[in-house]
Amino acid sequence: MAGKPTTFAREATGLVREVSPVSIGIWNIASSGPLAIGLAYTLAFWLSNYPRVDLPFVCIVTIALTFCFSGAAALVASAMPRSGGDYVFVGRIIHPAVGFTSSWNMFIYNTITGQGTFVGYIAYYALGPMFYTIGAMLGNPSLIQMGEATLTLPWSFIIILVLVLGYGAILMFGLKTSIRLTVVCVVLGWICLLVGLVSLATISQADFIARFNQYAFAISGKEDAYHYIIDAARGFGYSTETQPYSYAMQDVLGLAGLVSMAVSWNWMHIYFSGEIKRAGEPSRQLLMISIPLVSMLFAYAFSAWLLLQVAGGDFLNAYNYLSVNQPDALPFYVTAGGYVNFLLAMAAPNVFVATIINLSMLFSGLGIMFCFYFTTRILFAWSFDRVMPGWLSDINERLHTPVKATIIFIIMSLIGGIINAFWPELLLPLFAAAGSGSAIFTWIPLCITAIIFPFVRKDIFEAAPLRRLKLGSIPLVSVMGLIGLVYVSYIAYSFWMATTDIGRWTIIAVSAIGFIVFYIAKYYRKSQGIDLGLIFKQIPPE
């Protein structure tokens, strides 16, 4: 397939294939959504933008299209199962500068808007609503006040700081440890979420309203808070109705673009392919993306439908409107996506069950913290190819961990955490920029790579088991890449249009800096007698 790699940082990576495909499939559940938190912000996005569109239907459409995109990425990874993901194969199939810039976007966005942001979500979506609910059910004002405190400075920043540093310490113990802990969090999160769904399925709307009013009164002293919220939203001139549903193409595609950001990350394992057992088998790669997609379909589509039936569309829509636009009009301090956990717990028959339901958000948030560890493999791959300093690819032999790359990741996560705590108004523009930038400069190149792979690098394609998967005479990877390209191009357009001018210039600047960094590295290495062009003609060693 390729000659002896004499120009890489060393003859072997030092990484080992120690993780099972099933574990990675469960890990991808956390990276995709993740579960309860993903459900929370999916519902919030939906009600804020397309409340009259059938969310369960759009979830099915979005997940089917996502399978083509993520399947294309996974199939290419099966032919080149190396750590570094798109950097490795986009750079070897399209162009080295494109491969570097593709992974550069993923690295920048998933460190700044990654772990540091999601640890803030643990306070926002999980801890705050949990203390609120338990305090209301027990009639304990101190717990209610604690719920408020977790959402405001200085406690919100203290939580972020402790979690980022704590996770940094855990990640030093290697990928296998982080995967195991992710699996534990995902399984516990699913168990707790299922308890919540059973509670919803066994309660009438009248009983839900009665429980909500009872607990809301304990928090705020507001009588009939359920109907007060609906009336308050209408008082601001807002129509709270969610039906009849619209199936207009522009509405369905518009919501699909939003839902995609909660389900379209189920391919992140490609950055760890060099450490996954039997990652060269296409069937294993497709398994790893299918496990999270099936889970997301159930978690989002069924959960949203059930919550609508029990809580009522008018109420959910009104609550969401007030939390985003008129939070002072709410009788308590649980706003934006955090209210989903709050409302799920309201269906619980007692404080014990409510606590379990609340823990679904907590485990969901804790699980995704491990997923951003993939960015260390991008740093590792850059360094191994000599695009970045060689010390970034140093591996601790006992832990099988790139310790120095992990420290860089922790530092950048802290920057994201500081932004989250002190300038939360920047988060939405940053996420819009991250979504658009990732779609344009990472997702689109991934799909193009899948389309042209069998024809541009026949030597690699014909040597891989992937060559046997065809639709007629056309390679399956090319078909999935073409469908994926249409899908992600629409997402890129949607997020580009939703991004502010500052966000658009940020997207352009991040990618431009990536190109510049690559060519600086190329010419610097050339002065040392190292030809990066030769490196990119070879597949990195294992």
# chains A, B, ... in the order shown; residues from 1 in each chain; ligands from 1
call {"tool": "residues_around", "arguments": {"residues": "segment 445-447 of chain A", "least_positions_apart": "4", "cutoff": "12 Å", "atoms": "only C-alpha atoms", "output": "PyMOL selection string"}}
result
chain A and resi 66+68-77+85-103+105+267+270+437-441+451-453+477-489+492
call {"tool": "closest_atom_pairs", "arguments": {"of": "segment 344-450 of chain A", "to": "segment 121-136 of chain A", "cutoff": "12 Å", "atoms": "only C-alpha atoms", "output": "JSON lines"}}
result
{"residue": "A:Leu344", "atom": "CA", "partner": "A:Thr133", "partner_atom": "CA", "distance": 10.0}
{"residue": "A:Ala345", "atom": "CA", "partner": "A:Thr133", "partner_atom": "CA", "distance": 7.0}
{"residue": "A:Met346", "atom": "CA", "partner": "A:Thr133", "partner_atom": "CA", "distance": 7.5}
{"residue": "A:Ala347", "atom": "CA", "partner": "A:Thr133", "partner_atom": "CA", "distance": 10.9}
{"residue": "A:Ala348", "atom": "CA", "partner": "A:Thr133", "partner_atom": "CA", "distance": 10.2}
{"residue": "A:Asn350", "atom": "CA", "partner": "A:Ile134", "partner_atom": "CA", "distance": 9.5}
{"residue": "A:Val351", "atom": "CA", "partner": "A:Ile134", "partner_atom": "CA", "distance": 6.2}
{"residue": "A:Phe352", "atom": "CA", "partner": "A:Ile134", "partner_atom": "CA", "distance": 8.8}
{"residue": "A:Val353", "atom": "CA", "partner": "A:Ile134", "partner_atom": "CA", "distance": 10.2}
{"residue": "A:Ala354", "atom": "CA", "partner": "A:Ile134", "partner_atom": "CA", "distance": 7.3}
{"residue": "A:Thr355", "atom": "CA", "partner": "A:Ile134", "partner_atom": "CA", "distance": 6.9}
{"residue": "A:Ile356", "atom": "CA", "partner": "A:Met130", "partner_atom": "CA", "distance": 9.6}
{"residue": "A:Ile357", "atom": "CA", "partner": "A:Met130", "partner_atom": "CA", "distance": 8.8}
{"residue": "A:Asn358", "atom": "CA", "partner": "A:Met130", "partner_atom": "CA", "distance": 5.4}
{"residue": "A:Leu359", "atom": "CA", "partner": "A:Ala126", "partner_atom": "CA", "distance": 7.2}
{"residue": "A:Ser360", "atom": "CA", "partner": "A:Ala126", "partner_atom": "CA", "distance": 8.1}
{"residue": "A:Met361", "atom": "CA", "partner": "A:Ala126", "partner_atom": "CA", "distance": 5.0}
{"residue": "A:Leu362", "atom": "CA", "partner": "A:Ala126", "partner_atom": "CA", "distance": 5.0}
{"residue": "A:Phe363", "atom": "CA", "partner": "A:Ala126", "partner_atom": "CA", "distance": 8.7}
{"residue": "A:Ser364", "atom": "CA", "partner": "A:Ile122", "partner_atom": "CA", "distance": 8.5}
{"residue": "A:Gly365", "atom": "CA", "partner": "A:Ile122", "partner_atom": "CA", "distance": 5.4}
{"residue": "A:Leu366", "atom": "CA", "partner": "A:Ile122", "partner_atom": "CA", "distance": 7.3}
{"residue": "A:Gly367", "atom": "CA", "partner": "A:Ile122", "partner_atom": "CA", "distance": 10.4}
{"residue": "A:Ile368", "atom": "CA", "partner": "A:Ile122", "partner_atom": "CA", "distance": 10.2}
{"residue": "A:Met369", "atom": "CA", "partner": "A:Ile122", "partner_atom": "CA", "distance": 9.8}
{"residue": "A:Gly417", "atom": "CA", "partner": "A:Tyr121", "partner_atom": "CA", "distance": 10.3}
{"residue": "A:Asn420", "atom": "CA", "partner": "A:Tyr121", "partner_atom": "CA", "distance": 9.1}
{"residue": "A:Ala421", "atom": "CA", "partner": "A:Tyr121", "partner_atom": "CA", "distance": 10.4}
{"residue": "A:Pro424", "atom": "CA", "partner": "A:Tyr121", "partner_atom": "CA", "distance": 11.1}
{"residue": "A:Leu427", "atom": "CA", "partner": "A:Tyr121", "partner_atom": "CA", "distance": 11.3}
call {"tool": "write_last_selection", "arguments": {"atoms": "N, CA and C atoms", "output": "compact mmCIF listing (two decimals), in the first residue's frame"}}
result
# COMPACT_ATOMS: atom_id res chain seq x y z
N LEU A 344 -39.77 17.06 33.01
CA LEU A 344 -39.78 15.60 33.10
C LEU A 344 -39.89 15.14 34.55
N ALA A 345 -39.16 15.82 35.42
CA ALA A 345 -39.19 15.44 36.84
C ALA A 345 -40.55 15.74 37.47
N MET A 346 -41.27 16.73 36.92
CA MET A 346 -42.59 17.06 37.46
C MET A 346 -43.59 15.91 37.31
N ALA A 347 -43.30 15.02 36.35
CA ALA A 347 -44.21 13.89 36.16
C ALA A 347 -43.96 12.77 37.16
N ALA A 348 -42.91 12.89 37.96
CA ALA A 348 -42.55 11.84 38.91
C ALA A 348 -43.55 11.78 40.06
N ASN A 350 -42.90 10.85 43.12
CA ASN A 350 -42.27 11.18 44.40
C ASN A 350 -40.86 11.72 44.15
N VAL A 351 -40.24 12.19 45.22
CA VAL A 351 -38.93 12.83 45.09
C VAL A 351 -37.85 11.84 44.69
N PHE A 352 -37.98 10.60 45.06
CA PHE A 352 -36.98 9.59 44.69
C PHE A 352 -36.95 9.40 43.18
N VAL A 353 -38.12 9.22 42.57
CA VAL A 353 -38.19 9.05 41.12
C VAL A 353 -37.77 10.33 40.41
N ALA A 354 -38.16 11.47 40.95
CA ALA A 354 -37.78 12.76 40.36
C ALA A 354 -36.27 12.92 40.34
N THR A 355 -35.62 12.47 41.40
CA THR A 355 -34.16 12.57 41.46
C THR A 355 -33.51 11.69 40.40
N ILE A 356 -34.04 10.49 40.21
CA ILE A 356 -33.52 9.60 39.17
C ILE A 356 -33.68 10.25 37.80
N ILE A 357 -34.83 10.85 37.54
CA ILE A 357 -35.06 11.51 36.25
C ILE A 357 -34.05 12.65 36.06
N ASN A 358 -33.85 13.43 37.10
CA ASN A 358 -32.88 14.52 37.01
C ASN A 358 -31.47 14.01 36.72
N LEU A 359 -31.15 12.85 37.24
CA LEU A 359 -29.82 12.30 37.02
C LEU A 359 -29.58 11.94 35.56
N SER A 360 -30.64 11.79 34.77
CA SER A 360 -30.45 11.50 33.35
C SER A 360 -29.70 12.64 32.68
N MET A 361 -30.02 13.88 33.05
CA MET A 361 -29.30 15.03 32.52
C MET A 361 -27.87 15.07 33.03
N LEU A 362 -27.69 14.74 34.28
CA LEU A 362 -26.36 14.80 34.87
C LEU A 362 -25.42 13.79 34.21
N PHE A 363 -25.88 12.53 34.10
CA PHE A 363 -25.05 11.51 33.46
C PHE A 363 -24.83 11.83 31.97
N SER A 364 -25.85 12.40 31.36
CA SER A 364 -25.72 12.81 29.96
C SER A 364 -24.60 13.82 29.79
N GLY A 365 -24.58 14.82 30.66
CA GLY A 365 -23.55 15.84 30.60
C GLY A 365 -22.18 15.32 30.96
N LEU A 366 -22.13 14.47 31.99
CA LEU A 366 -20.84 13.90 32.40
C LEU A 366 -20.23 13.02 31.31
N GLY A 367 -21.09 12.33 30.56
CA GLY A 367 -20.59 11.44 29.52
C GLY A 367 -19.93 12.17 28.38
N ILE A 368 -20.52 13.27 27.94
CA ILE A 368 -19.95 13.96 26.78
C ILE A 368 -18.62 14.62 27.09
N MET A 369 -18.35 14.86 28.37
CA MET A 369 -17.08 15.49 28.72
C MET A 369 -15.88 14.67 28.22
N GLY A 417 -14.44 27.46 28.97
CA GLY A 417 -15.18 27.54 30.22
C GLY A 417 -15.29 28.97 30.73
N ASN A 420 -17.89 30.69 28.72
CA ASN A 420 -19.20 30.21 29.16
C ASN A 420 -19.66 30.90 30.43
N ALA A 421 -18.76 31.05 31.38
CA ALA A 421 -19.14 31.58 32.69
C ALA A 421 -19.33 33.09 32.67
N PRO A 424 -21.71 34.46 28.59
CA PRO A 424 -22.59 33.44 28.01
C PRO A 424 -23.33 33.91 26.76
N LEU A 427 -22.12 32.47 23.52
CA LEU A 427 -22.20 31.04 23.23
C LEU A 427 -23.00 30.75 21.97
call {"tool": "closest_atom_pairs", "arguments": {"of": "segment 248-342 of chain A", "to": "segment 173-179 of chain A", "cutoff": "10 Å", "atoms": "only C-alpha atoms", "output": "CSV"}}
result
residue,atom,partner,partner_atom,distance
A:Phe272,CA,A:Leu175,CA,8.7
A:Glu275,CA,A:Leu175,CA,8.4
A:Ile276,CA,A:Lys176,CA,9.9
call {"tool": "write_last_selection", "arguments": {"atoms": "N, CA and C atoms", "output": "PDB file, in the first residue's frame"}}
result
ATOM      1  N   PHE A 272     -10.214   8.202  16.513  1.00  0.00           N
ATOM      2  CA  PHE A 272      -9.572   7.185  17.348  1.00  0.00           C
ATOM      3  C   PHE A 272      -9.390   5.875  16.597  1.00  0.00           C
ATOM      4  N   GLU A 275      -6.984   3.145  17.374  1.00  0.00           N
ATOM      5  CA  GLU A 275      -6.989   2.497  18.686  1.00  0.00           C
ATOM      6  C   GLU A 275      -8.219   1.620  18.894  1.00  0.00           C
ATOM      7  N   ILE A 276      -8.943   1.321  17.800  1.00  0.00           N
ATOM      8  CA  ILE A 276     -10.158   0.509  17.874  1.00  0.00           C
ATOM      9  C   ILE A 276      -9.880  -0.869  17.269  1.00  0.00           C
TER      10      ILE A 276
END
call {"tool": "residues_around", "arguments": {"residues": "Leu55 of chain A", "least_positions_apart": "6", "cutoff": "10 Å", "atoms": "only C-alpha atoms", "output": "ChimeraX atom specification"}}
result
/A:42-43,46-47,61,245,252,255-256,259,300-302,304-305
call {"tool": "write_last_selection", "arguments": {"atoms": "N, CA and C atoms", "output": "compact mmCIF listing (two decimals), in the first residue's frame"}}
result
# COMPACT_ATOMS: atom_id res chain seq x y z
N THR A 42 -32.61 20.19 21.69
CA THR A 42 -33.37 19.95 20.46
C THR A 42 -34.78 20.50 20.60
N LEU A 43 -35.42 20.22 21.75
CA LEU A 43 -36.76 20.76 21.99
C LEU A 43 -36.74 22.29 22.01
N TRP A 46 -36.36 23.61 18.49
CA TRP A 46 -37.59 23.37 17.74
C TRP A 46 -38.65 24.41 18.09
N LEU A 47 -38.94 24.57 19.37
CA LEU A 47 -40.00 25.49 19.78
C LEU A 47 -39.64 26.94 19.50
N VAL A 61 -36.33 11.85 9.41
CA VAL A 61 -35.71 12.31 8.16
C VAL A 61 -34.24 12.66 8.38
N TYR A 245 -49.80 20.73 12.30
CA TYR A 245 -48.42 20.66 11.87
C TYR A 245 -48.25 21.10 10.42
N VAL A 252 -39.66 21.76 7.04
CA VAL A 252 -39.06 20.48 7.42
C VAL A 252 -37.54 20.56 7.30
N LEU A 255 -35.99 22.84 10.11
CA LEU A 255 -35.85 22.17 11.41
C LEU A 255 -34.81 21.06 11.33
N ALA A 256 -34.73 20.38 10.18
CA ALA A 256 -33.73 19.33 10.02
C ALA A 256 -32.32 19.89 10.20
N VAL A 259 -31.92 20.15 14.01
CA VAL A 259 -31.82 18.84 14.65
C VAL A 259 -30.49 18.18 14.32
N TYR A 300 -35.08 11.24 21.02
CA TYR A 300 -35.60 12.54 20.60
C TYR A 300 -37.04 12.45 20.08
N ALA A 301 -37.26 11.55 19.12
CA ALA A 301 -38.58 11.48 18.50
C ALA A 301 -39.65 11.02 19.50
N PHE A 302 -39.42 9.90 20.17
CA PHE A 302 -40.44 9.38 21.08
C PHE A 302 -40.59 10.26 22.32
N ALA A 304 -39.97 13.47 22.69
CA ALA A 304 -40.63 14.73 22.35
C ALA A 304 -42.12 14.53 22.17
N TRP A 305 -42.48 13.46 21.49
CA TRP A 305 -43.90 13.17 21.28
C TRP A 305 -44.60 12.95 22.61
call {"tool": "closest_residue", "arguments": {"among": "A:Leu286, A:Met172, A:Val187, A:Leu297", "to": "Lys404 of chain A", "atoms": "only C-alpha atoms"}}
result
A:Met172
call {"tool": "residues_around", "arguments": {"residues": "segment 518-528 of chain A", "least_positions_apart": "3", "cutoff": "8 Å", "atoms": "only C-alpha atoms", "output": "PyMOL selection string"}}
result
chain A and resi 97+100-101+386-388+514-515+531-532
call {"tool": "residues_around", "arguments": {"residues": "Tyr319 of chain A", "least_positions_apart": "5", "cutoff": "8 Å", "atoms": "only C-alpha atoms", "output": "list in words"}}
result
Ile229, Ile230, Ala233 and Leu330 of chain A
call {"tool": "write_last_selection", "arguments": {"atoms": "C-alpha atoms", "output": "JSON list (two decimals), in the first residue's frame"}}
result
[["chain", "number", "residue", "atom", "x", "y", "z"],
["A", 229, "ILE", "CA", -47.35, 30.74, 31.76],
["A", 230, "ILE", "CA", -49.61, 30.20, 28.74],
["A", 233, "ALA", "CA", -46.87, 34.30, 26.59],
["A", 330, "LEU", "CA", -41.57, 33.14, 34.50]]
call {"tool": "atom_distance", "arguments": {"atom1": "atom CA of Leu193 of chain A", "atom2": "atom CA of Ser290 of chain A"}}
result
20.0 Å
call {"tool": "closest_residue", "arguments": {"among": "A:Ala279, A:Ala206, A:Ala262, A:Leu253", "to": "Val22 of chain A", "atoms": "only C-alpha atoms"}}
result
A:Ala279
call {"tool": "closest_residue", "arguments": {"among": "A:Phe455, A:Tyr228, A:Phe236, A:Trp265", "to": "Met106 of chain A", "atoms": "only C-alpha atoms"}}
result
A:Trp265
